[in-house]
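A.B. asks: One structure is given below, represented as structure tokens, and several questions about it will come after.
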Amino acid sequence: MKAVIFDVDGVIVDVRNSYHHAIKETVKHFTGKNLSLEFIREFKFSRGINNDWDVSVELIKHLNFEPPPYDDLVEVFENYYDQLKDKEELILDKDFFKDLKESGLILGVVTGRPKRDLKYLFDRFQLWEFFDAIIDDDDVGDINLRKPHPFPLHLCMESLGAKEGIYIGDNNADYEMVKFYKKIYGKPMEFIHFKKVFQENLPADFSTDSEEDLKEYLKVLTGLKK
Ligand SMILES: [Mg+2]
């Protein structure tokens, strides 16, 4: 059976009031410049930069400032994020995953979140029990192998023991990861664009903003339903 693997930010949880604000505050901290959230999102999505620490670095450079040492930036960013993380709300709730899990699907997660942020979210909403394999940014190690590099998706597929998969993401970095995965690892992987939060256009095997349609389509794709 095809494994069903989810992105976290923008798919399982809405990060408009957390990570995106943390980028804004971090850039302001190091440059004094106040960027709009719209500009930040457009910058992030159009360039396909998945990691929000990296988005902050690139924005600081874009404003013609010298970026701080990476660790300093991460510390400032995570401090802001800690103040904002309770504003995150689930997009796909526990019932959604419970239904899929009880239907017999194999579920995984591939996220660019650091482990600490993922743990906070999954503890807070009690999401651990639904997933058979979870790959976060700390599992990847080498920063050159982070999403959109397909290595994290490969790790998840190996960990699930799956030969075919479906990845559900919300932006260009997700699409690119699937594209590179098929090229480098040569295994079948379909890409579903779940665009509940942002209606950006992306090439995808299936695209929807509805939880119900997503659930039905996953059941059809995995052969549970005709
Ligand atoms: Mg995402």
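All residue names refer to the structure tokens as shown: chains lettered A, B, ... in order, residues numbered from 1 in each chain, ligands numbered from 1 in order.
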Can you list, as number ranges by chain, all residues belonging to chain A that DSSP tags as alpha helix (DSSP H)?
C.D. replies: A: 19-31, 37-47, 52-62, 70-84, 94-102, 115-125, 137-140, 151-160, 172-185, 211-221
A.B. asks: For the interface of chain A with ligand 1 (cut-off 12 Å, counting only C-alpha atoms and all ligand atoms), please tabulate each contacting residue of chain A alongside its nearest pair of atoms and their separation in Å to one decimal, rows sorted by chain and increasing number, as a Markdown table.
C.D. replies:
```
| residue | atom | partner | partner_atom_place_in_ligand_line | distance |
| --- | --- | --- | --- | --- |
| A:Phe6 | CA | ligand 1 | 1 (Mg) | 9.0 |
| A:Asp7 | CA | ligand 1 | 1 (Mg) | 5.5 |
| A:Val8 | CA | ligand 1 | 1 (Mg) | 5.8 |
| A:Asp9 | CA | ligand 1 | 1 (Mg) | 4.1 |
| A:Gly10 | CA | ligand 1 | 1 (Mg) | 4.6 |
| A:Val11 | CA | ligand 1 | 1 (Mg) | 6.0 |
| A:Ile12 | CA | ligand 1 | 1 (Mg) | 8.5 |
| A:Val13 | CA | ligand 1 | 1 (Mg) | 8.8 |
| A:Asp14 | CA | ligand 1 | 1 (Mg) | 9.2 |
| A:Val15 | CA | ligand 1 | 1 (Mg) | 8.9 |
| A:Arg16 | CA | ligand 1 | 1 (Mg) | 11.0 |
| A:Tyr19 | CA | ligand 1 | 1 (Mg) | 11.0 |
| A:His20 | CA | ligand 1 | 1 (Mg) | 11.7 |
| A:Arg41 | CA | ligand 1 | 1 (Mg) | 11.7 |
| A:Lys44 | CA | ligand 1 | 1 (Mg) | 10.9 |
| A:Phe45 | CA | ligand 1 | 1 (Mg) | 9.7 |
| A:Gly48 | CA | ligand 1 | 1 (Mg) | 10.4 |
| A:Ile49 | CA | ligand 1 | 1 (Mg) | 10.4 |
| A:Asn50 | CA | ligand 1 | 1 (Mg) | 7.5 |
| A:Asn51 | CA | ligand 1 | 1 (Mg) | 9.7 |
| A:Asp52 | CA | ligand 1 | 1 (Mg) | 10.6 |
| A:Ile91 | CA | ligand 1 | 1 (Mg) | 11.8 |
| A:Val109 | CA | ligand 1 | 1 (Mg) | 11.2 |
| A:Val110 | CA | ligand 1 | 1 (Mg) | 9.7 |
| A:Thr111 | CA | ligand 1 | 1 (Mg) | 7.5 |
| A:Gly112 | CA | ligand 1 | 1 (Mg) | 8.1 |
| A:Arg113 | CA | ligand 1 | 1 (Mg) | 9.5 |
| A:Lys147 | CA | ligand 1 | 1 (Mg) | 10.3 |
| A:Pro148 | CA | ligand 1 | 1 (Mg) | 10.9 |
| A:Tyr167 | CA | ligand 1 | 1 (Mg) | 11.2 |
| A:Ile168 | CA | ligand 1 | 1 (Mg) | 8.9 |
| A:Gly169 | CA | ligand 1 | 1 (Mg) | 5.7 |
| A:Asp170 | CA | ligand 1 | 1 (Mg) | 5.0 |
| A:Asn171 | CA | ligand 1 | 1 (Mg) | 6.0 |
| A:Asn172 | CA | ligand 1 | 1 (Mg) | 8.9 |
| A:Ala173 | CA | ligand 1 | 1 (Mg) | 8.0 |
| A:Asp174 | CA | ligand 1 | 1 (Mg) | 7.0 |
| A:Tyr175 | CA | ligand 1 | 1 (Mg) | 10.3 |
| A:Met177 | CA | ligand 1 | 1 (Mg) | 11.6 |
| A:Ile192 | CA | ligand 1 | 1 (Mg) | 12.0 |
| A:His193 | CA | ligand 1 | 1 (Mg) | 10.1 |
| A:Phe194 | CA | ligand 1 | 1 (Mg) | 9.4 |
| A:Lys195 | CA | ligand 1 | 1 (Mg) | 10.0 |
| A:Lys196 | CA | ligand 1 | 1 (Mg) | 11.3 |
| A:Val197 | CA | ligand 1 | 1 (Mg) | 10.1 |
| A:Phe198 | CA | ligand 1 | 1 (Mg) | 10.3 |
```
A.B. asks: List every residue of segment 90-147 of chain A that DSSP, applied to the backbone of this structure, assigns to strand (DSSP E), and report them as a list in words.
C.D. replies: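 The residues of segment 90-147 of chain A classed as strand (DSSP E) are Leu90, Leu107, Gly108, Val109, Val110, Ala133, Ile134 and Ile135 of chain A.
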A.B. asks: At a cut-off of 8 Å, using only C-alpha atoms, what residues contact Phe30 of chain A? Leave out same-chain residues fewer than 5 positions from it and give the result as a PyMOL selection string.
C.D. replies: chain A and resi 60+67-68
A.B. asks: Emit the selected residues as a PDB file, in the first residue's frame, including C-alpha atoms.
C.D. replies:
```pdb
ATOM      1  CA  ILE A  60      18.388  40.323   5.860  1.00  0.00           C
ATOM      2  CA  PRO A  67      23.481  38.597   8.321  1.00  0.00           C
ATOM      3  CA  PRO A  68      24.476  37.788  11.936  1.00  0.00           C
TER       4      PRO A  68
END
```
A.B. asks: From the list A:Pro188, A:Gly32, A:Pro69, A:Pro114, which residue is nearest Glu164 of chain A when using only C-alpha atoms?
C.D. replies: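 Closest residue, counting only C-alpha atoms: A:Pro188.
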A.B. asks: Residues within 10 Å of Asp82 of chain A, please, as a PyMOL selection string. Count only C-alpha atoms; anything in the same chain fewer than 3 positions from it doesn't count.
C.D. replies: chain A and resi 18-19+22+77-79+85-86+117+120
A.B. asks: Mind writing the picked residues with N, CA and C atoms as a PDB file, in the first residue's frame?
C.D. replies:
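Saved file out17.pdb follows:
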```pdb
ATOM      1  N   SER A  18       2.512  32.348  13.716  1.00  0.00           N
ATOM      2  CA  SER A  18       3.689  31.949  14.509  1.00  0.00           C
ATOM      3  C   SER A  18       4.972  32.150  13.704  1.00  0.00           C
ATOM      4  N   TYR A  19       5.310  31.179  12.849  1.00  0.00           N
ATOM      5  CA  TYR A  19       6.587  31.258  12.130  1.00  0.00           C
ATOM      6  C   TYR A  19       6.704  32.523  11.270  1.00  0.00           C
ATOM      7  N   ALA A  22       7.477  35.310  13.399  1.00  0.00           N
ATOM      8  CA  ALA A  22       8.839  35.176  13.953  1.00  0.00           C
ATOM      9  C   ALA A  22       9.882  35.624  12.918  1.00  0.00           C
ATOM     10  N   PHE A  77      15.379  34.078  16.687  1.00  0.00           N
ATOM     11  CA  PHE A  77      14.178  33.563  16.021  1.00  0.00           C
ATOM     12  C   PHE A  77      13.369  32.678  16.970  1.00  0.00           C
ATOM     13  N   GLU A  78      14.047  31.729  17.614  1.00  0.00           N
ATOM     14  CA  GLU A  78      13.336  30.779  18.466  1.00  0.00           C
ATOM     15  C   GLU A  78      12.734  31.459  19.704  1.00  0.00           C
ATOM     16  N   ASN A  79      13.384  32.540  20.171  1.00  0.00           N
ATOM     17  CA  ASN A  79      12.799  33.316  21.263  1.00  0.00           C
ATOM     18  C   ASN A  79      11.475  33.943  20.853  1.00  0.00           C
ATOM     19  N   LYS A  85       4.084  30.572  19.632  1.00  0.00           N
ATOM     20  CA  LYS A  85       3.713  29.206  19.230  1.00  0.00           C
ATOM     21  C   LYS A  85       2.329  28.772  19.709  1.00  0.00           C
ATOM     22  N   ASP A  86       1.825  29.379  20.774  1.00  0.00           N
ATOM     23  CA  ASP A  86       0.488  28.994  21.222  1.00  0.00           C
ATOM     24  C   ASP A  86      -0.621  29.579  20.351  1.00  0.00           C
ATOM     25  N   ASP A 117      10.498  22.188  18.150  1.00  0.00           N
ATOM     26  CA  ASP A 117       9.234  22.835  17.771  1.00  0.00           C
ATOM     27  C   ASP A 117       8.183  21.802  17.381  1.00  0.00           C
ATOM     28  N   TYR A 120       6.787  20.216  20.608  1.00  0.00           N
ATOM     29  CA  TYR A 120       5.846  21.100  21.294  1.00  0.00           C
ATOM     30  C   TYR A 120       4.458  21.007  20.657  1.00  0.00           C
TER      31      TYR A 120
END
```
A.B. asks: Distance atom CA of Glu42 of chain A-atom CA of Asn64 of chain A, one decimal place?
C.D. replies: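 Atom CA of Asn64 of chain A lies 18.4 Å from atom CA of Glu42 of chain A.
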A.B. asks: Leaving out Val76 of chain A and any residue of its chain fewer than 5 positions from it, which residues lie within 10 Å of it when counting only C-alpha atoms, given as a count of residues only?
C.D. replies: 10
A.B. asks: How many Å lie between atom CA of Gln126 of chain A and atom CA of Phe191 of chain A, rounded to one decimal?
C.D. replies: 26.1 Å
A.B. asks: Could you name the residues that touch Glu190 of chain A at 12 Å or less, counting only C-alpha atoms, but leaving out those on the same chain fewer than 4 positions away, as a PyMOL selection string?
C.D. replies: chain A and resi 2-6+164-169+174-182+203-207+217-218+221-222
A.B. asks: Kindly save the residues from that selection, with C-alpha atoms included, as an mmCIF file, in the first residue's frame.
C.D. replies:
```cif
data_model
loop_
_atom_site.group_PDB
_atom_site.id
_atom_site.type_symbol
_atom_site.label_atom_id
_atom_site.label_comp_id
_atom_site.auth_asym_id
_atom_site.auth_seq_id
_atom_site.Cartn_x
_atom_site.Cartn_y
_atom_site.Cartn_z
ATOM 1 C CA LYS A 2 1.096 3.554 -0.689
ATOM 2 C CA ALA A 3 2.355 5.435 2.344
ATOM 3 C CA VAL A 4 0.687 8.791 3.006
ATOM 4 C CA ILE A 5 3.190 11.398 4.180
ATOM 5 C CA PHE A 6 2.301 14.852 5.453
ATOM 6 C CA GLU A 164 5.233 3.953 -3.151
ATOM 7 C CA GLY A 165 4.089 7.132 -1.539
ATOM 8 C CA ILE A 166 1.950 10.237 -1.575
ATOM 9 C CA TYR A 167 3.215 13.511 -0.144
ATOM 10 C CA ILE A 168 0.868 16.281 0.933
ATOM 11 C CA GLY A 169 2.409 19.739 1.005
ATOM 12 C CA ASP A 174 7.255 20.436 -1.157
ATOM 13 C CA TYR A 175 6.646 20.079 -4.882
ATOM 14 C CA GLU A 176 10.397 20.304 -5.563
ATOM 15 C CA MET A 177 11.192 17.693 -2.930
ATOM 16 C CA VAL A 178 8.793 15.213 -4.566
ATOM 17 C CA LYS A 179 10.163 16.006 -8.031
ATOM 18 C CA PHE A 180 13.769 15.425 -6.882
ATOM 19 C CA TYR A 181 12.758 12.319 -4.946
ATOM 20 C CA LYS A 182 11.406 10.666 -8.085
ATOM 21 C CA PRO A 203 1.859 21.624 -10.415
ATOM 22 C CA ALA A 204 0.326 18.689 -8.545
ATOM 23 C CA ASP A 205 -1.298 15.312 -9.116
ATOM 24 C CA PHE A 206 -4.237 16.588 -7.096
ATOM 25 C CA SER A 207 -5.031 19.913 -5.538
ATOM 26 C CA TYR A 217 -8.875 11.244 -2.548
ATOM 27 C CA LEU A 218 -6.330 9.610 -0.234
ATOM 28 C CA LEU A 221 -5.341 6.695 -4.278
ATOM 29 C CA THR A 222 -4.373 4.085 -1.724
#
```
A.B. asks: To one decimal in Å, tell me the separation between atom CA of Gln83 of chain A and atom CA of Leu121 of chain A.
C.D. replies: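 Interatomic distance here is 13.6 Å.
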